[in-house]
file protein-v6.txt (compact mmCIF, C-alpha atoms)
# COMPACT_ATOMS: atom_id res chain seq x y z
CA MET A 1 17.68 95.12 11.12
CA THR A 2 20.53 93.24 9.42
CA PHE A 3 20.86 89.56 10.31
CA LYS A 4 24.36 88.19 10.24
CA LYS A 5 25.49 84.80 9.02
CA TYR A 6 28.10 83.02 11.13
CA THR A 7 30.70 80.69 9.63
CA ASN A 8 33.92 78.85 10.58
CA TYR A 9 32.88 77.83 14.07
CA PRO A 10 35.60 76.58 16.47
CA LYS A 11 36.56 72.99 15.82
CA LYS A 12 36.33 70.39 18.57
CA LEU A 13 40.01 69.44 18.78
CA GLU A 14 42.33 68.18 21.50
CA LYS A 15 45.93 69.29 22.06
CA SER A 16 47.01 65.84 20.84
CA PHE A 17 45.84 66.89 17.36
CA TYR A 18 48.43 69.70 17.39
CA ILE A 19 51.16 67.36 18.62
CA LYS A 20 50.52 65.06 15.64
CA ALA A 21 50.52 68.07 13.30
CA ARG A 22 53.94 69.19 14.60
CA ASP A 23 55.26 65.66 14.11
CA SER A 24 53.96 65.65 10.53
CA ILE A 25 55.74 68.94 9.80
CA VAL A 26 59.03 67.73 11.28
CA ASN A 27 58.86 64.40 9.41
CA TYR A 28 58.00 66.08 6.10
CA PHE A 29 61.12 68.27 6.25
CA SER A 30 63.40 65.69 7.92
CA ASP A 31 65.64 65.23 4.86
CA ASP A 32 65.59 68.86 3.71
CA ASN A 33 69.06 70.24 2.94
CA TYR A 34 68.06 73.89 2.66
CA LEU A 35 66.56 74.43 6.10
CA GLU A 36 68.61 75.38 9.13
CA SER A 37 65.72 75.14 11.60
CA ILE A 38 61.97 74.96 12.05
CA TYR A 39 60.50 77.05 14.87
CA GLU A 40 57.02 77.46 16.26
CA TYR A 41 56.10 80.79 17.79
CA GLY A 42 53.22 81.69 20.06
CA SER A 43 51.20 79.02 21.82
CA VAL A 44 48.15 76.84 21.30
CA SER A 45 46.04 78.27 24.10
CA SER A 46 42.68 77.31 22.58
CA PRO A 47 42.60 74.05 20.60
CA GLY A 48 40.10 74.31 17.77
CA VAL A 49 40.67 78.06 17.43
CA SER A 50 44.46 78.47 17.59
CA ASP A 51 46.65 78.04 14.52
CA ILE A 52 50.16 76.65 14.54
CA ASP A 53 52.49 79.53 13.73
CA ILE A 54 55.66 78.34 11.99
CA ILE A 55 58.95 79.98 11.01
CA LEU A 56 61.13 78.23 8.43
CA VAL A 57 64.76 79.32 8.72
CA PHE A 58 66.87 78.74 5.61
CA LYS A 59 70.63 78.23 5.47
CA LYS A 60 70.70 78.58 1.67
CA ASP A 61 68.35 79.50 -1.16
CA PRO A 62 65.90 76.65 -1.86
CA LYS A 63 65.48 75.03 -5.28
CA ASN A 64 61.85 73.92 -5.14
CA ILE A 65 59.82 76.59 -3.36
CA LEU A 66 56.54 74.68 -3.74
CA LYS A 67 57.78 72.24 -1.11
CA TYR A 68 57.49 74.97 1.52
CA SER A 69 53.82 75.76 0.88
CA PHE A 70 52.79 72.93 3.32
CA SER A 71 50.03 71.86 0.92
CA ASP A 72 51.66 68.45 0.33
CA ILE A 73 51.82 67.47 4.01
CA ASN A 74 48.10 66.94 4.62
CA LYS A 75 44.91 68.98 4.62
CA GLU A 76 44.75 69.21 8.43
CA VAL A 77 48.25 70.61 8.77
CA TYR A 78 47.73 73.01 5.87
CA GLU A 79 44.66 74.46 7.58
CA LEU A 80 46.42 74.65 10.96
CA VAL A 81 49.20 76.80 9.51
CA ALA A 82 46.62 79.25 8.13
CA ASN A 83 46.59 77.72 4.65
CA GLY A 84 50.33 77.80 4.25
CA ASN A 85 50.89 81.31 5.59
CA VAL A 86 54.27 80.43 7.09
CA ILE A 87 57.07 82.89 7.86
CA LYS A 88 60.24 82.20 5.90
CA MET A 89 63.61 83.86 6.55
CA GLU A 90 67.37 83.50 6.55
CA LYS A 91 69.37 82.57 9.63
CA SER A 92 70.75 86.11 10.02
CA THR A 93 67.23 87.58 10.15
CA PHE A 94 66.10 85.05 12.74
CA ALA A 95 69.14 85.87 14.89
CA SER A 96 67.98 89.51 14.90
CA LEU A 97 64.32 88.67 15.49
CA ASN A 98 64.22 90.41 18.89
CA TYR A 99 64.78 93.73 17.12
CA ILE A 100 61.56 93.20 15.14
CA ASP A 101 59.28 92.00 17.91
CA LYS A 102 59.10 89.83 21.00
CA LEU A 103 58.20 86.36 19.73
CA ASN A 104 58.31 83.36 22.02
CA THR A 105 59.85 80.70 19.79
CA ASN A 106 60.16 76.96 20.30
CA LEU A 107 62.58 74.85 18.24
CA LEU A 108 60.78 71.97 16.51
CA SER A 109 63.73 70.64 14.50
CA GLY A 110 67.18 71.63 13.26
CA ASN A 111 69.79 73.77 14.95
CA HIS A 112 69.18 76.21 17.77
CA ILE A 113 69.88 79.81 16.71
CA GLU A 114 70.91 82.30 19.36
CA LYS A 115 68.95 85.55 19.19
CA SER A 116 70.36 88.99 19.94
CA ILE A 117 69.78 90.31 23.45
CA LEU A 118 68.43 93.86 23.60
CA SER A 119 69.07 96.55 26.18
CA GLU A 120 66.16 97.84 28.26
CA LYS A 121 66.26 101.10 26.31
CA PHE A 122 65.94 99.26 22.99
CA ILE A 123 63.09 97.11 24.30
CA TYR A 124 61.25 100.25 25.41
CA ILE A 125 61.47 101.80 21.92
CA ARG A 126 60.68 98.48 20.23
CA GLU A 127 57.40 98.20 22.13
CA LEU A 128 56.38 101.77 21.24
CA ILE A 129 57.08 101.11 17.56
CA SER A 130 55.17 97.83 17.73
CA ILE A 131 52.12 99.67 19.11
CA CYS A 132 52.24 102.15 16.22
CA ASP A 133 52.69 99.41 13.64
CA TRP A 134 49.91 97.17 14.92
CA LEU A 135 47.29 98.78 17.16
CA PRO A 136 45.60 101.07 14.57
CA GLU A 137 45.54 98.19 12.07
CA ARG A 138 44.00 95.78 14.59
CA ILE A 139 41.28 98.27 15.55
CA LYS A 140 40.30 98.90 11.94
CA ARG A 141 40.42 95.22 11.10
CA ILE A 142 38.13 94.32 14.01
CA GLU A 143 35.72 97.03 12.87
CA ILE A 144 35.61 95.67 9.32
CA ALA A 145 35.43 92.00 10.36
CA SER A 146 32.62 92.59 12.86
CA ASN A 147 30.59 94.78 10.47
CA ASN A 148 30.53 92.17 7.72
CA ASP A 149 27.23 90.43 6.99
CA VAL A 150 29.13 87.13 7.23
CA ILE A 151 31.09 86.70 10.47
CA ASN A 152 34.10 84.38 10.39
CA ILE A 153 34.00 83.30 14.03
CA SER A 154 37.40 81.62 14.42
CA PHE A 155 39.10 84.45 12.54
CA LEU A 156 37.48 87.11 14.73
CA LEU A 157 38.38 85.21 17.92
CA CYS A 158 42.02 85.09 16.79
CA LEU A 159 41.97 88.73 15.69
CA ILE A 160 40.77 90.03 19.06
CA HIS A 161 43.28 87.73 20.80
CA SER A 162 46.06 89.34 18.73
CA PHE A 163 44.66 92.81 19.46
CA ASN A 164 44.93 92.07 23.19
CA TYR A 165 48.71 91.73 22.88
CA SER A 166 48.92 95.34 21.69
CA ILE A 167 46.71 96.53 24.56
CA LYS A 168 48.98 94.77 27.06
CA LYS A 169 51.91 96.64 25.53
CA VAL A 170 50.05 99.94 25.97
CA GLU A 171 49.28 99.14 29.60
CA GLU A 172 53.01 98.79 30.28
CA PHE A 173 53.27 102.52 29.54
CA THR A 174 49.93 103.90 30.71
CA GLY A 175 48.66 101.59 33.44
CA LYS A 176 45.37 99.68 33.40
CA ILE A 177 42.77 100.49 30.74
CA ASN A 178 39.08 100.38 31.68
CA ASN A 179 37.21 97.20 30.70
CA PHE A 180 40.29 95.43 29.34
CA HIS A 181 40.32 92.82 32.13
CA TYR A 182 36.65 92.11 31.37
CA LEU A 183 37.43 91.74 27.65
CA GLU A 184 40.32 89.35 28.34
CA LYS A 185 38.13 87.17 30.56
CA SER A 186 35.23 87.14 28.08
CA LEU A 187 37.47 86.31 25.13
CA SER A 188 39.22 83.53 27.03
CA LEU A 189 35.85 81.90 27.77
CA LEU A 190 34.72 82.22 24.16
CA ARG A 191 37.94 80.72 22.83
CA SER A 192 38.06 77.79 25.26
CA ASN A 193 34.37 77.06 25.99
CA TRP A 194 32.45 78.20 22.92
CA TYR A 195 29.95 75.35 22.98
CA SER A 196 29.21 75.71 26.71
CA ILE A 197 28.21 79.39 26.55
CA ASP A 198 24.73 80.78 25.99
CA GLU A 199 24.49 82.82 22.77
CA PRO A 200 28.25 82.88 22.10
CA GLU A 201 27.74 84.70 18.78
CA LYS A 202 26.10 87.58 20.62
CA GLN A 203 28.91 87.68 23.15
CA LEU A 204 31.51 87.68 20.37
CA MET A 205 29.89 90.69 18.73
CA GLU A 206 29.83 92.47 22.10
CA ALA A 207 33.53 91.66 22.58
CA SER A 208 34.24 93.16 19.15
CA LYS A 209 32.46 96.37 20.07
CA ILE A 210 34.26 96.62 23.41
CA SER A 211 37.60 95.92 21.68
CA ILE A 212 37.22 98.94 19.40
CA GLU A 213 36.36 101.21 22.34
CA ILE A 214 39.26 99.91 24.44
CA GLY A 215 41.59 100.23 21.48
CA LEU A 216 40.69 103.86 20.88
CA ARG A 217 41.08 104.70 24.56
CA ALA A 218 44.50 103.05 24.40
CA ILE A 219 45.37 105.09 21.29
CA THR A 220 44.48 108.33 23.08
CA LEU A 221 46.48 107.39 26.19
CA ILE A 222 49.63 106.21 24.38
CA SER A 223 49.69 109.32 22.15
CA LYS A 224 51.07 111.37 25.06
CA VAL A 225 53.94 108.91 25.48
CA LEU A 226 54.67 108.75 21.75
CA MET A 227 55.00 112.53 21.58
CA GLU A 228 58.00 112.27 23.88
CA TYR A 229 59.84 109.94 21.47
CA ILE A 230 58.66 110.43 17.89
CA PRO A 231 60.39 113.42 16.25
CA LEU A 232 57.77 116.14 15.87
CA PHE A 233 59.22 118.08 12.93
CA LYS A 234 56.22 118.00 10.60
CA THR A 235 57.39 120.90 8.44
CA GLN A 236 60.32 119.03 6.90
CA TYR A 237 57.85 116.73 5.11
CA ASN A 238 55.69 119.60 3.82
CA PHE A 239 52.55 117.48 4.13
CA ASN A 240 49.27 117.91 5.98
CA LEU A 241 48.86 114.96 8.36
CA SER A 242 45.07 115.07 8.04
CA LYS A 243 45.44 114.32 4.32
CA LEU A 244 47.61 111.27 4.87
CA ILE A 245 45.91 107.94 4.14
CA VAL A 246 47.95 104.88 5.06
CA PRO A 247 46.94 101.72 3.15
CA MET A 248 47.33 98.57 5.19
CA HIS A 249 46.70 95.04 3.96
CA HIS A 250 43.20 93.62 3.39
CA SER A 251 41.87 96.98 2.08
CA ILE A 252 42.30 98.72 5.42
CA PHE A 253 43.04 102.45 5.39
CA LEU A 254 44.13 104.63 8.30
CA ASN A 255 43.05 108.27 8.53
CA PHE A 256 44.43 110.90 10.89
CA LYS A 257 43.81 114.28 12.45
CA GLU A 258 46.39 117.05 12.30
CA GLN A 259 46.34 117.36 16.10
CA LEU A 260 49.06 115.09 17.45
CA ASP A 261 47.20 114.06 20.62
CA TYR A 262 43.69 114.02 19.17
CA ASP A 263 41.13 112.12 21.28
CA SER A 264 40.15 109.21 19.00
CA TYR A 265 37.82 107.70 21.60
CA GLU A 266 35.70 110.86 21.95
CA HIS A 267 35.58 111.23 18.17
CA PHE A 268 34.30 107.67 17.83
CA LYS A 269 31.65 108.18 20.53
CA ASN A 270 30.36 111.33 18.84
CA ASN A 271 30.70 110.35 15.18
CA ASN A 272 30.92 106.55 15.09
CA LYS A 273 34.02 106.91 12.90
CA ILE A 274 37.59 105.85 13.57
CA ILE A 275 40.31 108.44 13.07
CA PHE A 276 43.74 108.44 14.67
CA PRO A 277 45.88 111.18 16.29
CA GLY A 278 48.46 112.93 14.14
CA ILE A 279 51.34 111.42 16.13
CA PHE A 280 50.57 108.05 14.51
CA ALA A 281 50.67 109.69 11.09
CA LEU A 282 54.14 110.99 11.93
CA HIS A 283 55.24 107.44 12.71
CA PHE A 284 54.34 106.35 9.18
CA MET A 285 55.80 109.54 7.70
CA HIS A 286 59.15 108.79 9.35
CA LEU A 287 58.99 105.18 8.19
CA ALA A 288 58.27 106.21 4.59
CA HIS A 289 61.34 108.48 4.52
CA LEU A 290 63.92 105.94 5.71
CA PRO A 291 66.57 104.52 3.34
CA THR A 292 65.12 100.96 3.27
CA LEU A 293 63.24 98.85 0.74
CA ILE A 294 59.93 98.73 2.61
CA SER A 295 60.18 102.48 3.22
CA ARG A 296 60.44 103.10 -0.51
CA ARG A 297 57.45 100.83 -1.09
CA LEU A 298 55.46 102.72 1.56
CA SER A 299 56.43 106.14 0.17
CA LEU A 300 55.18 105.05 -3.24
CA LYS A 301 51.83 104.08 -1.69
CA LEU A 302 51.54 107.31 0.31
CA PHE A 303 52.88 109.89 -2.14
CA LYS A 304 52.87 108.09 -5.53
CA LYS A 305 56.62 108.68 -5.70
CA PHE A 306 59.87 107.79 -3.97
CA THR A 307 60.83 110.30 -1.31
CA ASN A 308 64.30 111.53 -0.44
CA PRO A 309 65.57 109.57 2.59
CA ILE A 310 65.68 111.34 5.95
CA LEU A 311 67.42 109.68 8.89
CA ASN A 312 68.67 111.13 12.14
CA ILE A 313 70.46 108.23 13.84
CA GLU A 314 70.94 110.33 16.97
CA ASN A 315 67.20 110.17 17.59
CA SER A 316 66.54 106.86 19.37
CA TYR A 317 63.09 106.36 17.82
CA GLN A 318 64.17 107.02 14.23
CA ASN A 319 67.30 104.94 14.69
CA TYR A 320 65.37 101.93 15.98
CA LEU A 321 62.71 102.32 13.30
CA PHE A 322 65.52 102.20 10.74
CA ILE A 323 66.93 98.99 12.28
CA LYS A 324 63.54 97.29 12.24
CA ALA A 325 62.70 98.44 8.71
CA SER A 326 66.12 97.27 7.49
CA LEU A 327 65.66 93.79 8.93
CA ILE A 328 62.18 93.43 7.45
CA SER A 329 63.55 94.69 4.12
CA ASP A 330 66.22 91.97 4.27
CA ASN A 331 63.47 89.41 4.84
CA LEU A 332 61.47 90.81 1.90
CA THR A 333 64.56 90.71 -0.37
CA PHE A 334 65.12 87.04 0.49
CA LEU A 335 61.50 86.16 -0.31
CA GLU A 336 61.40 88.05 -3.59
CA LYS A 337 64.79 86.67 -4.68
CA ASN A 338 63.43 83.13 -4.24
CA ASN A 339 59.98 83.91 -5.74
CA PHE A 340 58.05 83.10 -2.58
CA LYS A 341 54.50 84.46 -2.78
CA GLY A 342 54.33 85.13 0.97
CA GLY A 343 56.21 84.49 4.17
CA LEU A 344 57.21 87.96 5.36
CA ILE A 345 57.61 88.45 9.10
CA ARG A 346 54.29 89.85 10.36
CA TYR A 347 54.19 93.59 9.79
CA GLY A 348 51.19 95.92 10.12
CA PHE A 349 51.16 97.77 6.80
CA TYR A 350 52.88 95.20 4.57
CA SER A 351 51.30 92.03 3.25

call {"tool": "encode", "arguments": {"input": "protein-v6.txt", "output": "structure tokens"}}
result
Amino acid sequence: MTFKKYTNYPKKLEKSFYIKARDSIVNYFSDDNYLESIYEYGSVSSPGVSDIDIILVFKKDPKNILKYSFSDINKEVYELVANGNVIKMEKSTFASLNYIDKLNTNLLSGNHIEKSILSEKFIYIRELISICDWLPERIKRIEIASNNDVINISFLLCLIHSFNYSIKKVEEFTGKINNFHYLEKSLSLLRSNWYSIDEPEKQLMEASKISIEIGLRAITLISKVLMEYIPLFKTQYNFNLSKLIVPMHHSIFLNFKEQLDYDSYEHFKNNNKIIFPGIFALHFMHLAHLPTLISRRLSLKLFKKFTNPILNIENSYQNYLFIKASLISDNLTFLEKNNFKGGLIRYGFYS
């Protein structure tokens, strides 16, 4: 029997600690001439576990990029923003943020930026694409994080919390998923009352196991919906989907079956291995063949070469995927032009 070591326990913090941290961030950048705005996204639902998620919006290219690492504010703030892992973008990208994902943003300082309003049809496709981009990655990451000999408790609590957002998106298309309400309730208690629970480490490991099972059930259910929207022409790529290996960040790799609606949950129950339906492979195949910067980077990872672009703008899924990939490519271009080491808008396969 392998005994696990547990680290990074939830801190005993009050919400006032986060208020002071926001004030420190605003004061630090108060005389900055390169920033248009500072936004926070998400919410601090569990003090001591939650990070502060920050977006810096630039109106012009900065001179001293080290200033935006947050390391010079103070140690507490630096840790709260995940060791300086702050999103950085231009004003035009922020204005189009709704095309990338639904992020609840709150202006901390600077000028308010109006975001584009999407049609119901666009929102529908955006949520499907978000599920493909994130849900397989979250499932694999939970598996790896929970199988480690050393368990980073706060990280795993945040990871499962993030995973739950993807499951809620799936439920909008498929209806309720068994055990998800139980998982939500258990995770909420662990995040908010860690030190009042009996054997919380054991309950966290159980929540991780349940998360993987719920995630794979969700994958199987949403596959049917995806097949109605993702173009199914496999032959034009001349590639066996079961041979495709998609490298995500943090040494995570996604594997697939050729069958588009393969039952990932049954496979996991019988083999204790995670493999995804072929329809998810097609999502990444389409992404890799688009005429955008991140698509070219992905094609190089998948095929060791740049592929010839393929885009059918009359297909609503491919068209929206192109819009999203173009916006993220613009963000990446801005970061690389200014020599930022990180700061890309959160995206499943790209770190």

call {"tool": "closest_atom_pairs", "arguments": {"input": "protein-v6.txt", "of": "range 90-110 of chain A", "to": "range 319-322 of chain A", "cutoff": "12 Å", "atoms": "all atoms listed in the file", "output": "CSV"}}
result
residue,atom,partner,partner_atom,distance
A:Asn98,CA,A:Tyr320,CA,11.9
A:Tyr99,CA,A:Tyr320,CA,8.3
A:Ile100,CA,A:Leu321,CA,9.4
A:Asp101,CA,A:Tyr320,CA,11.8

call {"tool": "closest_residue", "arguments": {"input": "protein-v6.txt", "among": "A:Glu90, A:Asp198, A:Asp261, A:Glu127", "to": "Lys169 in chain A", "atoms": "all atoms listed in the file"}}
result
A:Glu127

call {"tool": "residues_around", "arguments": {"input": "protein-v6.txt", "residues": "Leu103 in chain A", "least_positions_apart": "2", "cutoff": "12 Å", "atoms": "all atoms listed in the file", "output": "number ranges by chain"}}
result
A: 39-43, 53-55, 94-101, 105-106, 115, 165, 345-346

call {"tool": "atom_distance", "arguments": {"input": "protein-v6.txt", "atom1": "CA of Asn271 in chain A", "atom2": "CA of Leu244 in chain A"}}
result
19.8 Å

call {"tool": "closest_residue", "arguments": {"input": "protein-v6.txt", "among": "A:Glu201, A:Val86, A:Leu135, A:Pro62", "to": "Lys5 in chain A", "atoms": "only C-alpha atoms"}}
result
A:Glu201

call {"tool": "closest_atom_pairs", "arguments": {"input": "protein-v6.txt", "of": "range 28-146 of chain A", "to": "range 303-317 of chain A", "cutoff": "9 Å", "atoms": "all atoms listed in the file", "output": "tab-separated table"}}
result
residue	atom	partner	partner_atom	distance
A:Phe122	CA	A:Ser316	CA	8.4
A:Ile125	CA	A:Tyr317	CA	6.3
A:Arg126	CA	A:Tyr317	CA	8.6
A:Leu128	CA	A:Tyr317	CA	8.8
A:Ile129	CA	A:Tyr317	CA	8.0

call {"tool": "closest_residue", "arguments": {"input": "protein-v6.txt", "among": "A:Lys63, A:Lys185, A:His250, A:Lys75", "to": "Arg141 in chain A", "atoms": "only C-alpha atoms"}}
result
A:His250

call {"tool": "closest_residue", "arguments": {"input": "protein-v6.txt", "among": "A:His181, A:Ser146, A:Leu232, A:His289", "to": "Gln203 in chain A", "atoms": "only C-alpha atoms"}}
result
A:Ser146

call {"tool": "closest_residue", "arguments": {"input": "protein-v6.txt", "among": "A:His112, A:Lys202, A:Lys209, A:Lys15", "to": "Glu143 in chain A", "atoms": "only C-alpha atoms"}}
result
A:Lys209

call {"tool": "closest_residue", "arguments": {"input": "protein-v6.txt", "among": "A:Ser37, A:Ser116, A:Asn64, A:Ser154", "to": "Ala82 in chain A", "atoms": "all atoms listed in the file"}}
result
A:Ser154

call {"tool": "atom_distance", "arguments": {"input": "protein-v6.txt", "atom1": "CA of His161 in chain A", "atom2": "CA of Leu187 in chain A"}}
result
7.4 Å

call {"tool": "decode", "arguments": {"input": "protein-v6.txt", "residues": "range 130-231 of chain A", "atoms": "C-alpha atoms", "output": "PDB file, in the first residue's frame"}}
result
ATOM      1  CA  SER A 130     -15.069  25.171 -24.410  1.00  0.00           C
ATOM      2  CA  ILE A 131     -16.066  21.645 -23.335  1.00  0.00           C
ATOM      3  CA  CYS A 132     -13.766  20.134 -25.984  1.00  0.00           C
ATOM      4  CA  ASP A 133     -10.893  22.434 -25.072  1.00  0.00           C
ATOM      5  CA  TRP A 134     -11.102  21.901 -21.318  1.00  0.00           C
ATOM      6  CA  LEU A 135     -12.970  18.811 -20.122  1.00  0.00           C
ATOM      7  CA  PRO A 136     -10.531  16.106 -21.363  1.00  0.00           C
ATOM      8  CA  GLU A 137      -7.597  18.128 -20.014  1.00  0.00           C
ATOM      9  CA  ARG A 138      -9.233  18.571 -16.593  1.00  0.00           C
ATOM     10  CA  ILE A 139     -10.009  14.849 -16.311  1.00  0.00           C
ATOM     11  CA  LYS A 140      -6.443  13.836 -17.136  1.00  0.00           C
ATOM     12  CA  ARG A 141      -4.995  16.473 -14.859  1.00  0.00           C
ATOM     13  CA  ILE A 142      -7.121  15.321 -11.915  1.00  0.00           C
ATOM     14  CA  GLU A 143      -5.992  11.750 -12.584  1.00  0.00           C
ATOM     15  CA  ILE A 144      -2.319  12.733 -12.549  1.00  0.00           C
ATOM     16  CA  ALA A 145      -2.600  15.080  -9.552  1.00  0.00           C
ATOM     17  CA  SER A 146      -4.486  12.535  -7.435  1.00  0.00           C
ATOM     18  CA  ASN A 147      -2.152   9.650  -8.342  1.00  0.00           C
ATOM     19  CA  ASN A 148       0.976  11.491  -7.236  1.00  0.00           C
ATOM     20  CA  ASP A 149       2.714  10.315  -4.072  1.00  0.00           C
ATOM     21  CA  VAL A 150       2.668  13.943  -2.913  1.00  0.00           C
ATOM     22  CA  ILE A 151      -0.787  15.550  -2.973  1.00  0.00           C
ATOM     23  CA  ASN A 152      -0.955  19.334  -3.313  1.00  0.00           C
ATOM     24  CA  ILE A 153      -4.219  19.866  -1.447  1.00  0.00           C
ATOM     25  CA  SER A 154      -5.039  23.471  -2.368  1.00  0.00           C
ATOM     26  CA  PHE A 155      -4.128  22.842  -6.002  1.00  0.00           C
ATOM     27  CA  LEU A 156      -6.356  19.759  -6.198  1.00  0.00           C
ATOM     28  CA  LEU A 157      -9.257  21.603  -4.543  1.00  0.00           C
ATOM     29  CA  CYS A 158      -8.959  24.374  -7.147  1.00  0.00           C
ATOM     30  CA  LEU A 159      -8.555  21.879  -9.987  1.00  0.00           C
ATOM     31  CA  ILE A 160     -11.763  19.995  -9.170  1.00  0.00           C
ATOM     32  CA  HIS A 161     -13.555  23.329  -8.692  1.00  0.00           C
ATOM     33  CA  SER A 162     -12.480  24.324 -12.214  1.00  0.00           C
ATOM     34  CA  PHE A 163     -13.507  20.900 -13.544  1.00  0.00           C
ATOM     35  CA  ASN A 164     -17.002  21.467 -12.142  1.00  0.00           C
ATOM     36  CA  TYR A 165     -17.473  24.463 -14.448  1.00  0.00           C
ATOM     37  CA  SER A 166     -17.039  22.186 -17.463  1.00  0.00           C
ATOM     38  CA  ILE A 167     -19.523  19.658 -16.058  1.00  0.00           C
ATOM     39  CA  LYS A 168     -22.093  22.421 -15.586  1.00  0.00           C
ATOM     40  CA  LYS A 169     -21.616  23.329 -19.238  1.00  0.00           C
ATOM     41  CA  VAL A 170     -22.225  19.702 -20.240  1.00  0.00           C
ATOM     42  CA  GLU A 171     -25.392  19.551 -18.143  1.00  0.00           C
ATOM     43  CA  GLU A 172     -26.800  22.478 -20.124  1.00  0.00           C
ATOM     44  CA  PHE A 173     -26.834  20.143 -23.138  1.00  0.00           C
ATOM     45  CA  THR A 174     -27.462  16.723 -21.604  1.00  0.00           C
ATOM     46  CA  GLY A 175     -29.379  17.282 -18.379  1.00  0.00           C
ATOM     47  CA  LYS A 176     -28.268  16.204 -14.907  1.00  0.00           C
ATOM     48  CA  ILE A 177     -25.301  13.851 -14.536  1.00  0.00           C
ATOM     49  CA  ASN A 178     -25.369  11.211 -11.797  1.00  0.00           C
ATOM     50  CA  ASN A 179     -23.439  12.062  -8.612  1.00  0.00           C
ATOM     51  CA  PHE A 180     -22.487  15.567  -9.751  1.00  0.00           C
ATOM     52  CA  HIS A 181     -24.691  17.273  -7.147  1.00  0.00           C
ATOM     53  CA  TYR A 182     -23.024  15.117  -4.479  1.00  0.00           C
ATOM     54  CA  LEU A 183     -19.567  16.078  -5.774  1.00  0.00           C
ATOM     55  CA  GLU A 184     -20.429  19.789  -5.767  1.00  0.00           C
ATOM     56  CA  LYS A 185     -21.674  19.613  -2.180  1.00  0.00           C
ATOM     57  CA  SER A 186     -18.654  17.607  -0.979  1.00  0.00           C
ATOM     58  CA  LEU A 187     -16.176  19.921  -2.688  1.00  0.00           C
ATOM     59  CA  SER A 188     -17.871  23.027  -1.317  1.00  0.00           C
ATOM     60  CA  LEU A 189     -17.542  21.668   2.227  1.00  0.00           C
ATOM     61  CA  LEU A 190     -13.888  20.754   1.708  1.00  0.00           C
ATOM     62  CA  ARG A 191     -13.054  24.176   0.305  1.00  0.00           C
ATOM     63  CA  SER A 192     -14.876  26.179   2.978  1.00  0.00           C
ATOM     64  CA  ASN A 193     -14.630  23.972   6.093  1.00  0.00           C
ATOM     65  CA  TRP A 194     -11.468  21.901   5.671  1.00  0.00           C
ATOM     66  CA  TYR A 195     -10.462  22.040   9.328  1.00  0.00           C
ATOM     67  CA  SER A 196     -13.937  21.116  10.606  1.00  0.00           C
ATOM     68  CA  ILE A 197     -14.230  17.868   8.614  1.00  0.00           C
ATOM     69  CA  ASP A 198     -13.185  14.405   9.739  1.00  0.00           C
ATOM     70  CA  GLU A 199     -10.419  12.956   7.547  1.00  0.00           C
ATOM     71  CA  PRO A 200     -10.619  15.677   4.867  1.00  0.00           C
ATOM     72  CA  GLU A 201      -7.652  14.181   2.977  1.00  0.00           C
ATOM     73  CA  LYS A 202      -9.574  10.940   2.533  1.00  0.00           C
ATOM     74  CA  GLN A 203     -12.643  12.829   1.355  1.00  0.00           C
ATOM     75  CA  LEU A 204     -10.544  14.823  -1.128  1.00  0.00           C
ATOM     76  CA  MET A 205      -9.171  11.638  -2.662  1.00  0.00           C
ATOM     77  CA  GLU A 206     -12.708  10.253  -2.918  1.00  0.00           C
ATOM     78  CA  ALA A 207     -13.833  13.482  -4.614  1.00  0.00           C
ATOM     79  CA  SER A 208     -10.979  13.097  -7.113  1.00  0.00           C
ATOM     80  CA  LYS A 209     -12.049   9.563  -7.957  1.00  0.00           C
ATOM     81  CA  ILE A 210     -15.692  10.587  -8.358  1.00  0.00           C
ATOM     82  CA  SER A 211     -14.645  13.554 -10.527  1.00  0.00           C
ATOM     83  CA  ILE A 212     -12.927  11.288 -13.051  1.00  0.00           C
ATOM     84  CA  GLU A 213     -15.963   9.004 -13.257  1.00  0.00           C
ATOM     85  CA  ILE A 214     -18.387  11.931 -13.635  1.00  0.00           C
ATOM     86  CA  GLY A 215     -16.117  13.511 -16.214  1.00  0.00           C
ATOM     87  CA  LEU A 216     -16.005  10.385 -18.358  1.00  0.00           C
ATOM     88  CA  ARG A 217     -19.768   9.964 -18.154  1.00  0.00           C
ATOM     89  CA  ALA A 218     -20.069  13.589 -19.266  1.00  0.00           C
ATOM     90  CA  ILE A 219     -17.652  12.937 -22.150  1.00  0.00           C
ATOM     91  CA  THR A 220     -19.766  10.010 -23.348  1.00  0.00           C
ATOM     92  CA  LEU A 221     -23.008  11.995 -23.107  1.00  0.00           C
ATOM     93  CA  ILE A 222     -21.750  15.151 -24.832  1.00  0.00           C
ATOM     94  CA  SER A 223     -20.204  13.150 -27.700  1.00  0.00           C
ATOM     95  CA  LYS A 224     -23.663  12.642 -29.210  1.00  0.00           C
ATOM     96  CA  VAL A 225     -24.246  16.401 -29.231  1.00  0.00           C
ATOM     97  CA  LEU A 226     -20.805  17.176 -30.647  1.00  0.00           C
ATOM     98  CA  MET A 227     -21.402  14.837 -33.576  1.00  0.00           C
ATOM     99  CA  GLU A 228     -24.226  17.115 -34.686  1.00  0.00           C
ATOM    100  CA  TYR A 229     -21.894  20.132 -34.919  1.00  0.00           C
ATOM    101  CA  ILE A 230     -18.294  19.068 -35.513  1.00  0.00           C
ATOM    102  CA  PRO A 231     -17.642  18.344 -39.216  1.00  0.00           C
TER     103      PRO A 231
END
